[in-house]
Every structure is written in structure tokens, then in C-alpha cells.
Amino acid sequence: MLRFLTAGESHGKALVVIVEGLPAGLEITEDEIQGELARRRLGFGRGPRMRFEADSITLLAGIRHGRTIGSPVAIEIGNSEWDRKWSEEMSPHPGQPSKILTQPRPGHADLAGMIKYGLSDARDVLERASARETAARVVAGCLSKALLSEIGVGILSHVTQIGSVEIKATDSLPTLEDLRKIDASSVRCWLPEFEELMVAEIKAAAKIGDSLGGAAEVVAFGVPVGLGSHVHWDRKIDGLLGQALMSIQAVKAVSIGDGVDIAYRRGSEAHDAIHWDADDQSYYRRTHRSGGVEGGITTGSPLRAKAWMKPLATLNRPVIATVDTETKESVVSFKERTDVTAVPAMGVVAESMVAFVLLSEALRKFGGDSVVEFSRNFKAASVG
């Protein structure tokens, strides 16, 4: 029902995202999309590229006078450095690059991609494997969040770990009212005492030219009961979320709710007791350990999904050994970017992927060719 496709390379002329399956009548503006893209560039520890790598967007198709029209939406994100620096090196026309990269970087897709596709230049791989592609995902996520808001779903992300500094699993969650504070934080952390420790950790790593990984949690509020399914393995909402989050560059682990921590507890301390609200005539949970998912189905409680990102493999002081694919000599991997950590930005991308999965399942459940019909179907199902 809903899908998106991205195209483009890190230093190519532009990224393009096509989103298919959005109903007609969704209001969307360039300013909204630009706002989400700006959030992706946030975070202490990012390199200087984030200061000049502006995201200039062009609405190509599927939107007319500020509203979707039911056809595929196509949006372009231009590369501000294309004409000045990359038009020759990344030219699509016949020719040769000025330099062939033959020293694949450990921790990247370089060598595996070169072998898989029979390529001799690592740039043919790294340009597409780059996390720059996530800018296109954020655009798809912006559209998804806009439609989810029509049925009362709100989504945020917050950093829970950078390096050795970690906020342990807790039943206390940030709320949507905390989102402005989170984005104002230099590391997108909602607890000031941990923010200070995370910044110190980043400074220490930067001082010696090293990098840091960490984790970010996505929390979705107002998620309807019944998204996903227990019936088939590929319809389970936690499975869909896991695949979506694991597809983000450098993410190496994903958990739902309290995740791995639950494995260390006894059953009596691991689950969310069910209660009945006689006034609202509804079930509710006081805890959120399961992350709002049971049996592959959303329960109506806040949905919690966390993604762990490995330290960036390219360092400011290259020390990781590799092999030159041309000479077969041992060398030290080259430097392509200079971030110390990108965990705060990864959280924003994770928001987008969670939003896309939730919207895809919401459209499957409630349907509708227009926003009005989608909202009406949701309300009718809620009453029923």
C-alpha cells in the first residue's frame, strides 16, 4: 500500500525520494520538509560538512497547491556543492574520475560492494552506501508523520547513549511536549545531567581523533491498537520495525521496549499489567516494558523502539589497517568524513523509519484514497 524509493549518491547532483501510496488531500509545505531536514543536521560531534551541506528541496510531482493529489510524490534534495566541487568527479557522462580509490575502509560497504559488483573504484560503492541517503528517508518520514498526525499519532526520538554514557531503561518517558527541549539539546538528550556527560565524552574522543557510537530511542504516542498481526511472520509490527531500523547506516542492533534488559528479569517483573478504566471504557497499562507491542500487534500503549549505532568507521586519525586492492599492500584507511558521532542525527532518521512503518500498517488497516476517508475510517473503527 505504501512504499518509498530513494535514488542518488552522497556527492551526486541530488537525492530523489518517491513515495507511493499517500492518499489525496494531505497538506504539506516545503517549510515543513526543510524543518525536518534541519533536525537531521543537529548534534554536537558532527563535522563541518553539516554547516555548509544545505538541503535545497524541489517538489517535483504528486503535490499541487500544497496538497497531495493521490499520485506518487517525488521530491529532490539538491547537492549545494555539485557545481563547485563534484560535477566532474561524479559526472554521469562518459569519462574517467581524477582518482581511483583502491583502499577500502574497514567498517564500510567498500570492499564487499566492490567484490559483489565487480568494481575497481571504492567510490562507486561508498557514494551510495553513505548515510547522506538518509536525508531522502527523512523526507519520506516527514510525509508519514504528517498523515499520522491526522489520526492523533505523534512521534519523537531522544538519545539514550553516547559512548559509555547511557540512560538505562526506565518507565519514565519524554512526552511530545519535551520534543522542543530535546531538539534544543546539543546531543538531543532530554535529561540535562546526561547531556553534560555525553558532551564531555564526545570532546574526549574528538581530542584523540576517535569516534563514538550510541543509541537513540523512538517513542510514538497515540498509536492505534491492532497495527501489525500475530498471524504471519512478516506482518508482525516489531519485525517490520526491526527491519526498518536495521536498514539505517551503521545501526547494528534494535530493541523494542526494554529490550535485552527484560531477559535479565523474572517474569513477574518483565510484563505490563492490564487494567480497566471504567470511565473511559478502555484497557490501559501503567508501565511500558513491552514497548507497546505484544504478539506482533500494537497495544495502544506508547510504542518504544531503540536503535544502536556503531562508532563511525572513518576516523580523524586513520589507524585502521586495510589492503590496497590494486597493489595488495597493507595501508591505513583514508579519511572521507570527520564526524565524531552521528547518533543524534540517527535518532531523527529512526523517527522517519518508525513513522513510515506505522503509517504503512495504519493504511493497511483503515485504508482510504483521501485523507478525509482515511480519518473517517479510523474514527469508525475506533468507535466500533
# chains A, B, ... in the order shown; residues from 1 in each chain; ligands from 1

$ select_by_dssp --residues "range 24-79 of chain A" --states "strand (DSSP E or B)" --output "ChimeraX atom specification"
/A:24,27,55-61,63-64,67-68,73-79

$ residues_around --residues "His275 in chain A" --least-positions-apart "4" --cutoff "8 Å" --atoms "only C-alpha atoms" --output "number ranges by chain"
A: 283-285

$ residues_around --residues "Ala204 in chain A" --least-positions-apart "5" --cutoff "12 Å" --atoms "only C-alpha atoms" --output "PyMOL selection string"
chain A and resi 45+162-164+197-199+209-212+340-341

$ residues_around --residues "Gln103 in chain A" --least-positions-apart "5" --cutoff "10 Å" --atoms "only C-alpha atoms" --output "list of chain:residue names"
A:Asp110, A:Leu111, A:Asp121, A:Ala122, A:Ala321, A:Thr322, A:Val323, A:Asp324, A:Thr325, A:Glu326, A:Thr327, A:Lys328, A:Glu329, A:Ser330, A:Val331, A:Val332, A:Ser333, A:Phe334

$ closest_residue --among "A:Ala307, A:Ile262, A:Ala215, A:Ile57" --to "Ala14 in chain A" --atoms "only C-alpha atoms"
A:Ile57

$ closest_atom_pairs --of "range 127-230 of chain A" --to "range 365-374 of chain A" --cutoff "8 Å" --atoms "only C-alpha atoms" --output "CSV"
residue,atom,partner,partner_atom,distance
A:Leu147,CA,A:Val371,CA,7.7
A:Glu150,CA,A:Val371,CA,7.9
A:Leu227,CA,A:Lys365,CA,7.1

$ write_last_selection --atoms "N, CA and C atoms" --output "PDB file, in the first residue's frame"
ATOM      1  N   LEU A 147       0.709  12.595   7.912  1.00  0.00           N
ATOM      2  CA  LEU A 147      -0.536  11.839   7.784  1.00  0.00           C
ATOM      3  C   LEU A 147      -0.901  11.144   9.096  1.00  0.00           C
ATOM      4  N   GLU A 150      -2.978  13.091  11.505  1.00  0.00           N
ATOM      5  CA  GLU A 150      -4.412  13.179  11.221  1.00  0.00           C
ATOM      6  C   GLU A 150      -5.216  12.199  12.075  1.00  0.00           C
ATOM      7  N   LEU A 227      -2.257  -2.522  15.015  1.00  0.00           N
ATOM      8  CA  LEU A 227      -1.374  -2.445  13.854  1.00  0.00           C
ATOM      9  C   LEU A 227      -0.430  -3.637  13.890  1.00  0.00           C
TER      10      LEU A 227
END

$ atom_distance --atom1 "CA of Glu201 in chain A" --atom2 "CA of Glu351 in chain A"
24.4 Å

$ residues_around --residues "Arg286 in chain A" --least-positions-apart "3" --cutoff "9 Å" --atoms "only C-alpha atoms" --output "PDB file with C-alpha atoms, in the first residue's frame"
ATOM      1  CA  ASP A 171       9.279   3.586  32.858  1.00  0.00           C
ATOM      2  CA  ASP A 272       2.900  -4.772  31.666  1.00  0.00           C
ATOM      3  CA  ALA A 273      -0.129  -5.497  33.846  1.00  0.00           C
ATOM      4  CA  ILE A 274      -3.505  -4.817  32.199  1.00  0.00           C
ATOM      5  CA  HIS A 275      -6.035  -2.520  33.875  1.00  0.00           C
TER       6      HIS A 275
END

$ atom_distance --atom1 "CA of Arg137 in chain A" --atom2 "CA of Met353 in chain A"
7.3 Å

$ residues_around --residues "Leu312 in chain A" --least-positions-apart "2" --cutoff "12 Å" --atoms "only C-alpha atoms" --output "JSON, numbers by chain"
{"A": [45, 46, 47, 105, 106, 107, 108, 130, 131, 163, 205, 209, 210, 211, 212, 213, 214, 249, 250, 251, 252, 309, 310, 314, 315, 316, 318, 320, 335, 336, 337, 338, 339, 340, 341, 342, 343, 346]}

$ write_last_selection --atoms "C-alpha atoms" --output "PDB file, in the first residue's frame"
ATOM      1  CA  GLY A  45      30.056  15.977  17.318  1.00  0.00           C
ATOM      2  CA  ARG A  46      29.037  16.438  13.693  1.00  0.00           C
ATOM      3  CA  GLY A  47      31.701  17.561  11.239  1.00  0.00           C
ATOM      4  CA  ARG A 105      37.679   1.367   4.535  1.00  0.00           C
ATOM      5  CA  PRO A 106      37.022  -1.295   7.184  1.00  0.00           C
ATOM      6  CA  GLY A 107      33.559  -0.935   8.690  1.00  0.00           C
ATOM      7  CA  HIS A 108      32.084   0.388   5.423  1.00  0.00           C
ATOM      8  CA  SER A 130      26.811   6.840   2.539  1.00  0.00           C
ATOM      9  CA  ALA A 131      24.423   7.950   5.282  1.00  0.00           C
ATOM     10  CA  GLY A 163      29.907   6.047  24.148  1.00  0.00           C
ATOM     11  CA  ALA A 205      37.036  11.249  21.737  1.00  0.00           C
ATOM     12  CA  GLY A 209      40.686  11.797  16.717  1.00  0.00           C
ATOM     13  CA  ASP A 210      38.413   8.894  17.589  1.00  0.00           C
ATOM     14  CA  SER A 211      34.677   8.243  17.101  1.00  0.00           C
ATOM     15  CA  LEU A 212      31.753   7.142  19.245  1.00  0.00           C
ATOM     16  CA  GLY A 213      28.600   5.092  18.819  1.00  0.00           C
ATOM     17  CA  GLY A 214      25.480   5.057  20.930  1.00  0.00           C
ATOM     18  CA  GLN A 249      23.501   3.005   8.003  1.00  0.00           C
ATOM     19  CA  ALA A 250      25.759   1.933  10.926  1.00  0.00           C
ATOM     20  CA  VAL A 251      22.875   0.599  13.061  1.00  0.00           C
ATOM     21  CA  LYS A 252      23.909  -2.761  14.499  1.00  0.00           C
ATOM     22  CA  MET A 309      24.733   2.723  16.171  1.00  0.00           C
ATOM     23  CA  LYS A 310      28.341   1.585  15.944  1.00  0.00           C
ATOM     24  CA  THR A 314      36.296   6.669   9.422  1.00  0.00           C
ATOM     25  CA  LEU A 315      38.447   8.470  11.973  1.00  0.00           C
ATOM     26  CA  ASN A 316      40.173  11.846  12.138  1.00  0.00           C
ATOM     27  CA  PRO A 318      43.271   6.998  10.384  1.00  0.00           C
ATOM     28  CA  ILE A 320      42.661   1.082  10.884  1.00  0.00           C
ATOM     29  CA  LYS A 335      39.514   9.753   5.639  1.00  0.00           C
ATOM     30  CA  GLU A 336      36.221  10.596   3.910  1.00  0.00           C
ATOM     31  CA  ARG A 337      34.322  12.460   6.641  1.00  0.00           C
ATOM     32  CA  THR A 338      35.031  13.956  10.053  1.00  0.00           C
ATOM     33  CA  ASP A 339      32.086  13.396  12.398  1.00  0.00           C
ATOM     34  CA  VAL A 340      32.930  12.187  15.903  1.00  0.00           C
ATOM     35  CA  THR A 341      29.411  10.809  16.309  1.00  0.00           C
ATOM     36  CA  ALA A 342      26.159  10.907  14.357  1.00  0.00           C
ATOM     37  CA  VAL A 343      23.898   9.334  16.983  1.00  0.00           C
ATOM     38  CA  MET A 346      20.431   8.807  13.585  1.00  0.00           C
TER      39      MET A 346
END

$ residues_around --residues "Glu133 in chain A" --least-positions-apart "3" --cutoff "10 Å" --atoms "only C-alpha atoms" --output "compact mmCIF listing (two decimals) with C-alpha atoms, in the first residue's frame"
# COMPACT_ATOMS: atom_id res chain seq x y z
CA THR A 6 15.40 6.70 -2.82
CA ALA A 7 17.97 7.38 -5.52
CA GLY A 8 21.18 9.34 -5.62
CA GLU A 9 24.74 9.36 -4.34
CA SER A 10 26.34 11.27 -1.48
CA LEU A 15 18.95 12.77 -3.96
CA VAL A 16 15.43 11.88 -5.02
CA VAL A 17 12.71 10.21 -2.98
CA GLU A 127 28.78 7.19 -2.62
CA ARG A 128 25.54 5.22 -2.44
CA ALA A 129 26.29 3.46 0.86
CA SER A 130 26.81 6.84 2.54
CA ALA A 136 15.73 11.24 1.49
CA ARG A 137 14.34 8.95 4.19
CA VAL A 138 13.66 11.95 6.42
CA ILE A 248 19.80 2.65 8.74
CA GLN A 249 23.50 3.00 8.00

$ select_by_dssp --residues "range 248-340 of chain A" --states "helix (DSSP H, G or I)" --output "list in words"
Gly259, Val260, Asp261, Ile262, Ala263, Tyr264, Gly267, Ser268 and Glu269 of chain A

$ write_last_selection --atoms "N, CA and C atoms" --output "short mmCIF file (atom, residue, chain, number, x, y, z; two decimals), in the first residue's frame"
data_model
loop_
_atom_site.label_atom_id
_atom_site.label_comp_id
_atom_site.auth_asym_id
_atom_site.auth_seq_id
_atom_site.Cartn_x
_atom_site.Cartn_y
_atom_site.Cartn_z
N GLY A 259 13.68 -4.20 25.79
CA GLY A 259 14.64 -4.97 25.02
C GLY A 259 15.40 -6.01 25.79
N VAL A 260 16.72 -6.00 25.65
CA VAL A 260 17.58 -7.01 26.25
C VAL A 260 17.47 -7.02 27.77
N ASP A 261 17.21 -5.87 28.37
CA ASP A 261 17.11 -5.80 29.83
C ASP A 261 16.07 -6.78 30.38
N ILE A 262 15.01 -7.01 29.61
CA ILE A 262 13.95 -7.91 30.07
C ILE A 262 14.47 -9.33 30.28
N ALA A 263 15.45 -9.74 29.48
CA ALA A 263 15.98 -11.09 29.58
C ALA A 263 16.65 -11.35 30.94
N TYR A 264 17.02 -10.29 31.62
CA TYR A 264 17.69 -10.44 32.91
C TYR A 264 16.70 -10.43 34.08
N GLY A 267 9.87 -13.19 35.24
CA GLY A 267 8.63 -12.89 34.54
C GLY A 267 7.71 -11.95 35.30
N SER A 268 7.75 -12.04 36.60
CA SER A 268 6.89 -11.19 37.42
C SER A 268 7.25 -9.72 37.33
N GLU A 269 8.46 -9.43 36.80
CA GLU A 269 8.93 -8.04 36.71
C GLU A 269 9.13 -7.60 35.26
#

$ closest_residue --among "A:Pro344, A:Leu245, A:Pro224, A:Val349" --to "Pro302 in chain A" --atoms "only C-alpha atoms"
A:Pro224

$ atom_distance --atom1 "CA of Thr298 in chain A" --atom2 "CA of Ala244 in chain A"
16.4 Å

$ closest_residue --among "A:Glu196, A:Glu36, A:Glu88, A:Glu27" --to "His65 in chain A" --atoms "only C-alpha atoms"
A:Glu27

$ decode --residues "range 193-236 of chain A" --atoms "N, CA and C atoms" --output "PDB file, in the first residue's frame"
ATOM      1  N   GLU A 193      21.474  16.331  32.928  1.00  0.00           N
ATOM      2  CA  GLU A 193      22.649  15.773  33.598  1.00  0.00           C
ATOM      3  C   GLU A 193      23.385  14.777  32.710  1.00  0.00           C
ATOM      4  N   PHE A 194      22.637  14.037  31.874  1.00  0.00           N
ATOM      5  CA  PHE A 194      23.267  13.109  30.942  1.00  0.00           C
ATOM      6  C   PHE A 194      23.816  13.845  29.724  1.00  0.00           C
ATOM      7  N   GLU A 195      23.156  14.920  29.333  1.00  0.00           N
ATOM      8  CA  GLU A 195      23.651  15.714  28.207  1.00  0.00           C
ATOM      9  C   GLU A 195      25.075  16.183  28.470  1.00  0.00           C
ATOM     10  N   GLU A 196      25.335  16.690  29.658  1.00  0.00           N
ATOM     11  CA  GLU A 196      26.672  17.179  30.001  1.00  0.00           C
ATOM     12  C   GLU A 196      27.709  16.065  29.921  1.00  0.00           C
ATOM     13  N   LEU A 197      27.355  14.889  30.404  1.00  0.00           N
ATOM     14  CA  LEU A 197      28.279  13.763  30.362  1.00  0.00           C
ATOM     15  C   LEU A 197      28.540  13.312  28.928  1.00  0.00           C
ATOM     16  N   MET A 198      27.494  13.337  28.093  1.00  0.00           N
ATOM     17  CA  MET A 198      27.654  12.939  26.696  1.00  0.00           C
ATOM     18  C   MET A 198      28.558  13.910  25.941  1.00  0.00           C
ATOM     19  N   VAL A 199      28.385  15.195  26.174  1.00  0.00           N
ATOM     20  CA  VAL A 199      29.223  16.198  25.526  1.00  0.00           C
ATOM     21  C   VAL A 199      30.685  16.002  25.933  1.00  0.00           C
ATOM     22  N   ALA A 200      30.909  15.743  27.205  1.00  0.00           N
ATOM     23  CA  ALA A 200      32.273  15.510  27.678  1.00  0.00           C
ATOM     24  C   ALA A 200      32.890  14.283  27.015  1.00  0.00           C
ATOM     25  N   GLU A 201      32.081  13.244  26.845  1.00  0.00           N
ATOM     26  CA  GLU A 201      32.542  12.022  26.187  1.00  0.00           C
ATOM     27  C   GLU A 201      32.941  12.306  24.735  1.00  0.00           C
ATOM     28  N   ILE A 202      32.138  13.107  24.036  1.00  0.00           N
ATOM     29  CA  ILE A 202      32.431  13.451  22.641  1.00  0.00           C
ATOM     30  C   ILE A 202      33.717  14.270  22.548  1.00  0.00           C
ATOM     31  N   LYS A 203      33.871  15.240  23.445  1.00  0.00           N
ATOM     32  CA  LYS A 203      35.081  16.074  23.445  1.00  0.00           C
ATOM     33  C   LYS A 203      36.328  15.229  23.670  1.00  0.00           C
ATOM     34  N   ALA A 204      36.237  14.255  24.573  1.00  0.00           N
ATOM     35  CA  ALA A 204      37.385  13.402  24.862  1.00  0.00           C
ATOM     36  C   ALA A 204      37.768  12.564  23.644  1.00  0.00           C
ATOM     37  N   ALA A 205      36.758  12.042  22.932  1.00  0.00           N
ATOM     38  CA  ALA A 205      37.036  11.249  21.737  1.00  0.00           C
ATOM     39  C   ALA A 205      37.594  12.121  20.616  1.00  0.00           C
ATOM     40  N   ALA A 206      37.033  13.328  20.468  1.00  0.00           N
ATOM     41  CA  ALA A 206      37.490  14.240  19.414  1.00  0.00           C
ATOM     42  C   ALA A 206      38.950  14.641  19.625  1.00  0.00           C
ATOM     43  N   LYS A 207      39.328  14.773  20.871  1.00  0.00           N
ATOM     44  CA  LYS A 207      40.691  15.215  21.201  1.00  0.00           C
ATOM     45  C   LYS A 207      41.740  14.247  20.673  1.00  0.00           C
ATOM     46  N   ILE A 208      41.403  12.975  20.619  1.00  0.00           N
ATOM     47  CA  ILE A 208      42.361  11.981  20.134  1.00  0.00           C
ATOM     48  C   ILE A 208      41.986  11.463  18.741  1.00  0.00           C
ATOM     49  N   GLY A 209      41.053  12.156  18.085  1.00  0.00           N
ATOM     50  CA  GLY A 209      40.686  11.797  16.717  1.00  0.00           C
ATOM     51  C   GLY A 209      39.915  10.510  16.580  1.00  0.00           C
ATOM     52  N   ASP A 210      39.163  10.146  17.623  1.00  0.00           N
ATOM     53  CA  ASP A 210      38.413   8.894  17.589  1.00  0.00           C
ATOM     54  C   ASP A 210      36.920   9.164  17.385  1.00  0.00           C
ATOM     55  N   SER A 211      36.113   8.104  17.328  1.00  0.00           N
ATOM     56  CA  SER A 211      34.677   8.243  17.101  1.00  0.00           C
ATOM     57  C   SER A 211      33.900   7.466  18.146  1.00  0.00           C
ATOM     58  N   LEU A 212      32.615   7.752  18.239  1.00  0.00           N
ATOM     59  CA  LEU A 212      31.753   7.142  19.245  1.00  0.00           C
ATOM     60  C   LEU A 212      30.436   6.660  18.629  1.00  0.00           C
ATOM     61  N   GLY A 213      29.930   5.562  19.164  1.00  0.00           N
ATOM     62  CA  GLY A 213      28.600   5.092  18.819  1.00  0.00           C
ATOM     63  C   GLY A 213      27.625   5.426  19.930  1.00  0.00           C
ATOM     64  N   GLY A 214      26.480   4.788  19.899  1.00  0.00           N
ATOM     65  CA  GLY A 214      25.480   5.057  20.930  1.00  0.00           C
ATOM     66  C   GLY A 214      24.116   4.564  20.506  1.00  0.00           C
ATOM     67  N   ALA A 215      23.100   5.089  21.156  1.00  0.00           N
ATOM     68  CA  ALA A 215      21.735   4.621  20.887  1.00  0.00           C
ATOM     69  C   ALA A 215      20.739   5.768  20.977  1.00  0.00           C
ATOM     70  N   ALA A 216      19.655   5.627  20.237  1.00  0.00           N
ATOM     71  CA  ALA A 216      18.545   6.580  20.295  1.00  0.00           C
ATOM     72  C   ALA A 216      17.249   5.792  20.336  1.00  0.00           C
ATOM     73  N   GLU A 217      16.303   6.276  21.119  1.00  0.00           N
ATOM     74  CA  GLU A 217      15.008   5.628  21.247  1.00  0.00           C
ATOM     75  C   GLU A 217      13.941   6.458  20.557  1.00  0.00           C
ATOM     76  N   VAL A 218      13.075   5.792  19.830  1.00  0.00           N
ATOM     77  CA  VAL A 218      11.920   6.435  19.202  1.00  0.00           C
ATOM     78  C   VAL A 218      10.685   6.074  20.029  1.00  0.00           C
ATOM     79  N   VAL A 219       9.878   7.084  20.351  1.00  0.00           N
ATOM     80  CA  VAL A 219       8.649   6.856  21.103  1.00  0.00           C
ATOM     81  C   VAL A 219       7.479   7.415  20.289  1.00  0.00           C
ATOM     82  N   ALA A 220       6.478   6.595  20.061  1.00  0.00           N
ATOM     83  CA  ALA A 220       5.286   7.018  19.321  1.00  0.00           C
ATOM     84  C   ALA A 220       4.080   6.980  20.251  1.00  0.00           C
ATOM     85  N   PHE A 221       3.345   8.082  20.316  1.00  0.00           N
ATOM     86  CA  PHE A 221       2.177   8.208  21.178  1.00  0.00           C
ATOM     87  C   PHE A 221       0.900   8.183  20.337  1.00  0.00           C
ATOM     88  N   GLY A 222      -0.160   7.677  20.930  1.00  0.00           N
ATOM     89  CA  GLY A 222      -1.444   7.655  20.228  1.00  0.00           C
ATOM     90  C   GLY A 222      -1.547   6.588  19.165  1.00  0.00           C
ATOM     91  N   VAL A 223      -0.667   5.590  19.215  1.00  0.00           N
ATOM     92  CA  VAL A 223      -0.689   4.525  18.208  1.00  0.00           C
ATOM     93  C   VAL A 223      -1.950   3.668  18.395  1.00  0.00           C
ATOM     94  N   PRO A 224      -2.723   3.463  17.346  1.00  0.00           N
ATOM     95  CA  PRO A 224      -3.948   2.661  17.483  1.00  0.00           C
ATOM     96  C   PRO A 224      -3.649   1.218  17.879  1.00  0.00           C
ATOM     97  N   VAL A 225      -4.585   0.610  18.563  1.00  0.00           N
ATOM     98  CA  VAL A 225      -4.488  -0.820  18.848  1.00  0.00           C
ATOM     99  C   VAL A 225      -4.670  -1.593  17.545  1.00  0.00           C
ATOM    100  N   GLY A 226      -3.867  -2.633  17.351  1.00  0.00           N
ATOM    101  CA  GLY A 226      -4.128  -3.539  16.246  1.00  0.00           C
ATOM    102  C   GLY A 226      -3.310  -3.349  14.991  1.00  0.00           C
ATOM    103  N   LEU A 227      -2.257  -2.522  15.015  1.00  0.00           N
ATOM    104  CA  LEU A 227      -1.374  -2.445  13.854  1.00  0.00           C
ATOM    105  C   LEU A 227      -0.430  -3.637  13.890  1.00  0.00           C
ATOM    106  N   GLY A 228      -0.176  -4.230  12.726  1.00  0.00           N
ATOM    107  CA  GLY A 228       0.606  -5.452  12.679  1.00  0.00           C
ATOM    108  C   GLY A 228      -0.311  -6.657  12.796  1.00  0.00           C
ATOM    109  N   SER A 229       0.266  -7.834  13.035  1.00  0.00           N
ATOM    110  CA  SER A 229      -0.543  -9.046  13.141  1.00  0.00           C
ATOM    111  C   SER A 229       0.260 -10.167  13.787  1.00  0.00           C
ATOM    112  N   HIS A 230      -0.447 -11.034  14.517  1.00  0.00           N
ATOM    113  CA  HIS A 230       0.194 -12.227  15.063  1.00  0.00           C
ATOM    114  C   HIS A 230       0.106 -13.397  14.087  1.00  0.00           C
ATOM    115  N   VAL A 231      -0.620 -13.223  12.985  1.00  0.00           N
ATOM    116  CA  VAL A 231      -0.971 -14.338  12.104  1.00  0.00           C
ATOM    117  C   VAL A 231       0.193 -14.787  11.224  1.00  0.00           C
ATOM    118  N   HIS A 232       0.966 -13.856  10.677  1.00  0.00           N
ATOM    119  CA  HIS A 232       2.052 -14.194   9.761  1.00  0.00           C
ATOM    120  C   HIS A 232       3.361 -13.568  10.237  1.00  0.00           C
ATOM    121  N   TRP A 233       4.469 -14.262  10.012  1.00  0.00           N
ATOM    122  CA  TRP A 233       5.769 -13.799  10.495  1.00  0.00           C
ATOM    123  C   TRP A 233       6.159 -12.451   9.900  1.00  0.00           C
ATOM    124  N   ASP A 234       5.770 -12.212   8.653  1.00  0.00           N
ATOM    125  CA  ASP A 234       6.186 -10.965   8.005  1.00  0.00           C
ATOM    126  C   ASP A 234       5.182  -9.833   8.184  1.00  0.00           C
ATOM    127  N   ARG A 235       4.189 -10.032   9.056  1.00  0.00           N
ATOM    128  CA  ARG A 235       3.251  -8.968   9.364  1.00  0.00           C
ATOM    129  C   ARG A 235       3.405  -8.451  10.796  1.00  0.00           C
ATOM    130  N   LYS A 236       4.280  -9.073  11.573  1.00  0.00           N
ATOM    131  CA  LYS A 236       4.488  -8.649  12.954  1.00  0.00           C
ATOM    132  C   LYS A 236       5.091  -7.251  12.989  1.00  0.00           C
TER     133      LYS A 236
END
